[in-house]
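**Q** Okay, handing you the structure first.
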Amino acid sequence: MKLDEFMAKVKSKNLAQPEFLQAVEEVVESIWPVVEENPRFKEAKILERIVEPERVIMFRVPWVDDQGEVQVNRGYRIEFNSALGPYKGGLRFHPTVTLGILKFLGFEQIFKNSLTTLPMGGGKGGSDFDPKGKSDNEVMRFCQAFMSELFRHIGPNTDVPAGDIGVGGREIGYMFGMYKKIKNEFTGVLTGKGRNWGGSLIRPEATGYGAVFFAEEMLKTKGESFQGKTVVISGSGNVAQYATEKVNQLGGKVVTLSDSSGYIYDPDGIKGEKWEFVMHLKNVRRGRIKEYAEKYHVKYVEGGRPWDIKCDVALPCATQNELNDDEANTLVKNGCICVSEGANMPSTPEAVKIFLENKILYGPGKAANAGGVATSGLEMSQNSLRFNWSREEVEEKLHDIMINIHKQCVKYGKEGDFVNYVKGANVAGFIKVAEAMLDHGVV
Ligand code: NDP
Ligand code: 2IT
């Protein structure tokens, strides 16, 4: 079978799931030669099996809002691949959540988790629930209703969810509370837990820090560092916040942040008290990034994305397909030398092509943002040990994991003096999963 025949078959089976097909196509393009060279993988139909989730769970989530009105959302858990360990991956609460979106995220998660070298399979879940504008009580009731079905499908050795867009410490707390009550068990069934009840230090910071560590490794291959670099970041949630902090620590200057309403441009840098303001604005008051521009009298671009701001490094940290080909061209034209993806699949396939053609340092999400799930893996280890590591210990382990992921990408992605990190991440991630699937037989 040829690659396009294979993709046509996948398309015919997954109609109306464009993001899933986009994620599959990118991975399959990279690994096709590996499969062609390995009759064992071909005979065992590893590719045909790997694009099919082991299990998809969809359920009704009814709850009552503050006005006493009944609301109905849809809940999902995609248990995609358990070759390397229990299903592991986040939960996303956002009105744009569909089966196709979660399948793309679950599929990416398989290879990302493999790259961390920790024993974790791939999964993802969530709901079309919109936490924006909801009271704390409404969020709690929704999380409880969601967990009152999800609990039967998960467990510390089965499937271990965590956060993603719209799911942070507050939501994990409410869901953990409900799981504990129903099961009468205190276990590490979720990660991203509070530090007083089983959470790992550095988990909140991990994805953003990791994406910056990955960028630092890429920059080192060119004899460069973050010192003195201008950095453009999208998003202003968990990943963007801690990416900003780490860039500041490494001597770079972050000049933009955004949310789904627009972006702010602060040429003096978002640091110190200004960074604290963002943390409070987004995590406590749950306000809009526009307020930063009002407070500090800087530019705010309503409805805009920050990619036309001149920078050395770009860190997309908001959502999928948030950076298109025109924007990729603008970044390259403006002298950007490095893109490290904190978000999952933020660059469109056309944008990725432009980065690769121009041979800039481009770290795809499944490698660059793996620090989050890696530290979730470290949280699971600590829960099993019934012990907590210090902040320094966890950050050092995270840093080592990101350096190792970078090494794996270089090993499998080197093309002369250029490193194709897309190919490197896909091939390195795939080989381990494929070998494990072979070992386990046809299941
Ligand atoms: P948060 O919910 O904390 O923040 C999301 C940010 O992205 C917000 O600023 C949000 O703006 C913005 N955003 C969300 N959807 C859109 C959209 N459709 N258009 C424009 N902006 C949007 O989520 P995280 O920071 O946790 O996640 C950000 C990205 O990182 C996601 O792609 C996620 O999958 C990925 N990721 C997260 C990990 C984690 O550990 N949390 C791990 C690995 C990857 P607004 O408030 O207006 O919605
Ligand atoms: O996309 C991701 O890797 C995450 N949202 C984190 C998953 C996890 O289990 O920590």
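Identifiers in the structure tokens: chain A, B, ... in order shown; residue index from 1 per chain; ligand index from 1 in order shown.
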For stretch 418-420 of chain A, list every protein, DNA or RNA residue within 9 Å, evaluated using only C-alpha atoms, and leave out those in the same chain fewer than 2 positions away; present the list as an MDAnalysis selection string.

**A** chainID A and resid 356 359:363 409:416 422:425

**Q** Kindly export the residues of the current selection with all heavy atoms, as a compact mmCIF listing (two decimals), in the first residue's frame.

**A**
# COMPACT_ATOMS: atom_id res chain seq x y z
N LEU A 356 10.47 24.44 7.95
CA LEU A 356 11.45 23.43 7.52
C LEU A 356 12.21 23.91 6.28
O LEU A 356 13.42 23.76 6.20
CB LEU A 356 10.76 22.09 7.26
CG LEU A 356 10.13 21.41 8.49
CD1 LEU A 356 9.45 20.09 8.10
CD2 LEU A 356 11.16 21.15 9.59
N LYS A 359 14.78 26.22 7.15
CA LYS A 359 15.76 25.60 8.06
C LYS A 359 15.94 26.37 9.37
O LYS A 359 17.05 26.54 9.87
CB LYS A 359 17.11 25.43 7.35
CG LYS A 359 17.00 24.55 6.13
CD LYS A 359 18.30 23.94 5.73
CE LYS A 359 18.00 22.84 4.78
NZ LYS A 359 18.69 21.95 4.22
N ILE A 360 14.82 26.85 9.92
CA ILE A 360 14.94 27.46 11.24
C ILE A 360 14.81 26.33 12.28
O ILE A 360 14.46 25.20 11.96
CB ILE A 360 13.90 28.57 11.50
CG1 ILE A 360 12.50 28.01 11.63
CG2 ILE A 360 13.96 29.65 10.43
CD1 ILE A 360 11.58 28.94 12.37
N LEU A 361 15.12 26.63 13.53
CA LEU A 361 15.01 25.64 14.60
C LEU A 361 13.52 25.53 14.94
O LEU A 361 12.94 26.46 15.50
CB LEU A 361 15.79 26.11 15.83
CG LEU A 361 17.29 26.31 15.61
CD1 LEU A 361 17.89 27.12 16.77
CD2 LEU A 361 18.01 24.98 15.46
N TYR A 362 12.91 24.39 14.57
CA TYR A 362 11.47 24.24 14.79
C TYR A 362 11.19 22.99 15.63
O TYR A 362 11.41 21.87 15.17
CB TYR A 362 10.72 24.17 13.44
CG TYR A 362 9.30 23.71 13.61
CD1 TYR A 362 8.37 24.49 14.31
CD2 TYR A 362 8.89 22.48 13.11
CE1 TYR A 362 7.08 24.04 14.51
CE2 TYR A 362 7.59 22.02 13.31
CZ TYR A 362 6.69 22.81 14.02
OH TYR A 362 5.42 22.36 14.22
N GLY A 363 10.74 23.20 16.87
CA GLY A 363 10.46 22.09 17.79
C GLY A 363 8.97 21.84 17.86
O GLY A 363 8.22 22.65 18.42
N CYS A 409 15.57 13.48 19.20
CA CYS A 409 15.15 14.15 17.95
C CYS A 409 16.34 14.33 17.01
O CYS A 409 16.22 14.15 15.79
CB CYS A 409 14.55 15.53 18.25
SG CYS A 409 12.96 15.45 19.07
N VAL A 410 17.49 14.69 17.59
CA VAL A 410 18.69 14.89 16.76
C VAL A 410 19.09 13.55 16.14
O VAL A 410 19.38 13.45 14.95
CB VAL A 410 19.84 15.50 17.59
CG1 VAL A 410 21.13 15.53 16.78
CG2 VAL A 410 19.47 16.90 18.07
N LYS A 411 19.04 12.49 16.96
CA LYS A 411 19.46 11.16 16.48
C LYS A 411 18.65 10.72 15.25
O LYS A 411 19.20 10.24 14.28
CB LYS A 411 19.29 10.15 17.62
CG LYS A 411 19.67 8.73 17.24
CD LYS A 411 19.65 7.79 18.44
CE LYS A 411 19.78 6.35 17.98
NZ LYS A 411 19.46 5.40 19.04
N TYR A 412 17.34 10.91 15.32
CA TYR A 412 16.49 10.41 14.23
C TYR A 412 16.13 11.48 13.20
O TYR A 412 15.52 11.16 12.18
CB TYR A 412 15.20 9.81 14.81
CG TYR A 412 15.45 8.51 15.53
CD1 TYR A 412 15.51 8.48 16.93
CD2 TYR A 412 15.62 7.33 14.84
CE1 TYR A 412 15.75 7.30 17.61
CE2 TYR A 412 15.86 6.14 15.51
CZ TYR A 412 15.92 6.13 16.89
OH TYR A 412 16.15 4.95 17.54
N GLY A 413 16.49 12.74 13.47
CA GLY A 413 16.06 13.82 12.57
C GLY A 413 17.18 14.53 11.84
O GLY A 413 16.94 15.47 11.09
N LYS A 414 18.41 14.06 12.03
CA LYS A 414 19.54 14.76 11.41
C LYS A 414 19.53 14.57 9.89
O LYS A 414 19.44 13.46 9.39
CB LYS A 414 20.84 14.21 12.00
CG LYS A 414 21.88 15.29 12.20
CD LYS A 414 23.01 14.84 13.09
CE LYS A 414 24.20 15.75 13.05
NZ LYS A 414 24.00 17.16 12.89
N GLU A 415 19.58 15.68 9.17
CA GLU A 415 19.65 15.64 7.69
C GLU A 415 20.82 16.54 7.30
O GLU A 415 20.65 17.74 7.15
CB GLU A 415 18.34 16.16 7.08
CG GLU A 415 17.12 15.30 7.41
CD GLU A 415 15.80 15.90 6.94
OE1 GLU A 415 15.75 17.11 6.61
OE2 GLU A 415 14.80 15.15 6.92
N GLY A 416 22.01 15.97 7.21
CA GLY A 416 23.22 16.80 6.98
C GLY A 416 23.47 17.64 8.21
O GLY A 416 23.46 17.13 9.33
N VAL A 422 10.72 17.47 13.38
CA VAL A 422 9.42 16.82 13.15
C VAL A 422 9.66 15.34 12.92
O VAL A 422 9.07 14.47 13.59
CB VAL A 422 8.69 17.45 11.93
CG1 VAL A 422 7.39 16.71 11.64
CG2 VAL A 422 8.44 18.93 12.17
N LYS A 423 10.55 15.07 11.97
CA LYS A 423 10.88 13.67 11.68
C LYS A 423 11.50 13.00 12.91
O LYS A 423 11.12 11.88 13.28
CB LYS A 423 11.87 13.64 10.50
CG LYS A 423 12.28 12.27 10.07
CD LYS A 423 13.07 12.36 8.77
CE LYS A 423 14.30 11.48 8.83
NZ LYS A 423 15.30 11.85 7.83
N GLY A 424 12.42 13.69 13.56
CA GLY A 424 13.12 13.11 14.71
C GLY A 424 12.14 12.71 15.82
O GLY A 424 12.21 11.59 16.35
N ALA A 425 11.21 13.60 16.13
CA ALA A 425 10.26 13.33 17.22
C ALA A 425 9.31 12.20 16.83
O ALA A 425 9.04 11.29 17.63
CB ALA A 425 9.45 14.60 17.55

**Q** May I ask you to write as number ranges by chain all residues lying at most 6 Å from ligand 1, with only C-alpha atoms and all ligand atoms counted?

**A** A: 163-166, 207, 235-240, 258-261, 317-320, 342-344, 369, 372

**Q** Skipping near chain neighbours, those fewer than 3 positions away, what residues fall within 8 Å of A:Pro349 using only C-alpha atoms, listed as a list in words?

**A** Gln22, Glu26, Val352 and Lys353 of chain A

**Q** Would you put the residues from that selection into a file with all heavy atoms, as a compact mmCIF listing (two decimals), in the first residue's frame?

**A**
# COMPACT_ATOMS: atom_id res chain seq x y z
N GLN A 22 -5.11 15.62 10.27
CA GLN A 22 -3.90 16.45 10.18
C GLN A 22 -2.76 15.86 11.02
O GLN A 22 -1.62 15.75 10.56
CB GLN A 22 -4.26 17.87 10.66
CG GLN A 22 -3.14 18.89 10.61
CD GLN A 22 -3.58 20.24 11.21
OE1 GLN A 22 -4.78 20.57 11.23
NE2 GLN A 22 -2.64 21.03 11.69
N GLU A 26 0.78 13.99 9.50
CA GLU A 26 2.14 14.45 9.83
C GLU A 26 3.00 13.30 10.35
O GLU A 26 4.15 13.12 9.95
CB GLU A 26 2.07 15.57 10.86
CG GLU A 26 3.42 16.23 11.08
CD GLU A 26 3.65 16.60 12.52
OE1 GLU A 26 4.11 15.74 13.30
OE2 GLU A 26 3.37 17.76 12.86
N VAL A 352 4.40 24.73 9.08
CA VAL A 352 5.51 23.82 9.39
C VAL A 352 6.43 23.70 8.18
O VAL A 352 7.67 23.74 8.31
CB VAL A 352 4.98 22.43 9.81
CG1 VAL A 352 6.13 21.44 9.99
CG2 VAL A 352 4.14 22.52 11.09
N LYS A 353 5.81 23.59 7.00
CA LYS A 353 6.60 23.46 5.77
C LYS A 353 7.52 24.68 5.60
O LYS A 353 8.69 24.53 5.23
CB LYS A 353 5.61 23.38 4.59
CG LYS A 353 6.12 22.60 3.45
CD LYS A 353 5.01 22.17 2.49
CE LYS A 353 5.64 21.95 1.13
NZ LYS A 353 5.07 22.77 0.08

**Q** For the interface of chain A with ligand 2 (cut-off 6 Å, counting only C-alpha atoms and all ligand atoms), please tabulate each contacting residue of chain A alongside its nearest pair of atoms and their separation in Å to one decimal, rows sorted by chain and increasing number, as CSV.

**A**
residue,atom,partner,partner_atom_place_in_ligand_line,distance
A:Lys88,CA,ligand 2,9 (O),5.1
A:Gly89,CA,ligand 2,9 (O),3.6
A:Gly90,CA,ligand 2,7 (C),4.0
A:Pro161,CA,ligand 2,9 (O),5.6
A:Ala162,CA,ligand 2,9 (O),4.6
A:Gly163,CA,ligand 2,5 (N),5.4
A:Asp164,CA,ligand 2,5 (N),4.1
A:Ala370,CA,ligand 2,3 (O),5.9
A:Gly372,CA,ligand 2,10 (O),5.1
A:Val373,CA,ligand 2,10 (O),3.5
A:Ser376,CA,ligand 2,10 (O),4.7

**Q** Which of stretch 251-287 of chain A end up as helix (DSSP H, G or I) when DSSP is run on this backbone - answer as an NGL selection string?

**A** :A and (273-283)

**Q** Please, what distance in Å, to one decimal, runs between atom CA of A:Arg152 and atom CA of A:Pro86?

**A**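 If I compute the distance from atom CA of A:Arg152 to atom CA of A:Pro86, I get 14.8 Å.
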
**Q** Of the candidates A:Val70, A:Val24, A:Val232, A:Ala83, which shows the shortest atom-to-atom distance to A:Glu435, using only C-alpha atoms?

**A**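 Counting only C-alpha atoms, the residue closest to A:Glu435 is A:Ala83.
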
**Q** Do a neighbour search on A:Asn81 at 12 Å with only C-alpha atoms, toss out local chain neighbours closer than 2 positions, and write the hits as JSON, numbers by chain.

**A** {"A": [46, 49, 50, 51, 52, 53, 54, 55, 56, 78, 79, 83, 84, 85, 86, 87, 88, 89, 103, 106, 107, 108, 109, 110, 111, 112, 113, 114, 119, 120, 121, 122, 123, 124, 158, 159, 430, 433, 434, 436, 437, 443]}

**Q** If you measure from atom CA of A:Gly169 to atom CA of A:Gln382, what distance in Å do you get, rounded to one decimal?

**A**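 Separation of atom CA of A:Gly169 and atom CA of A:Gln382: 18.0 Å.
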
**Q** Interatomic distance between atom CA of A:Glu185 and atom CA of A:Gly377?

**A**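 Taking atom CA of A:Glu185 and atom CA of A:Gly377, their separation equals 20.1 Å.
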
**Q** Go through A:Gln17, A:Glu149, A:Trp32, A:Lys42 one by one, measure the shortest atom-to-atom distance of each to A:Asp4 using only C-alpha atoms, and give the residue with the smallest value.

**A** A:Trp32

**Q** Counting only C-alpha atoms, which residue out of A:Arg77, A:Gly198, A:Phe41, A:Val139 sits closest to A:Leu385?

**A**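 Among A:Arg77, A:Gly198, A:Phe41, A:Val139, it is A:Gly198 that comes nearest to A:Leu385.
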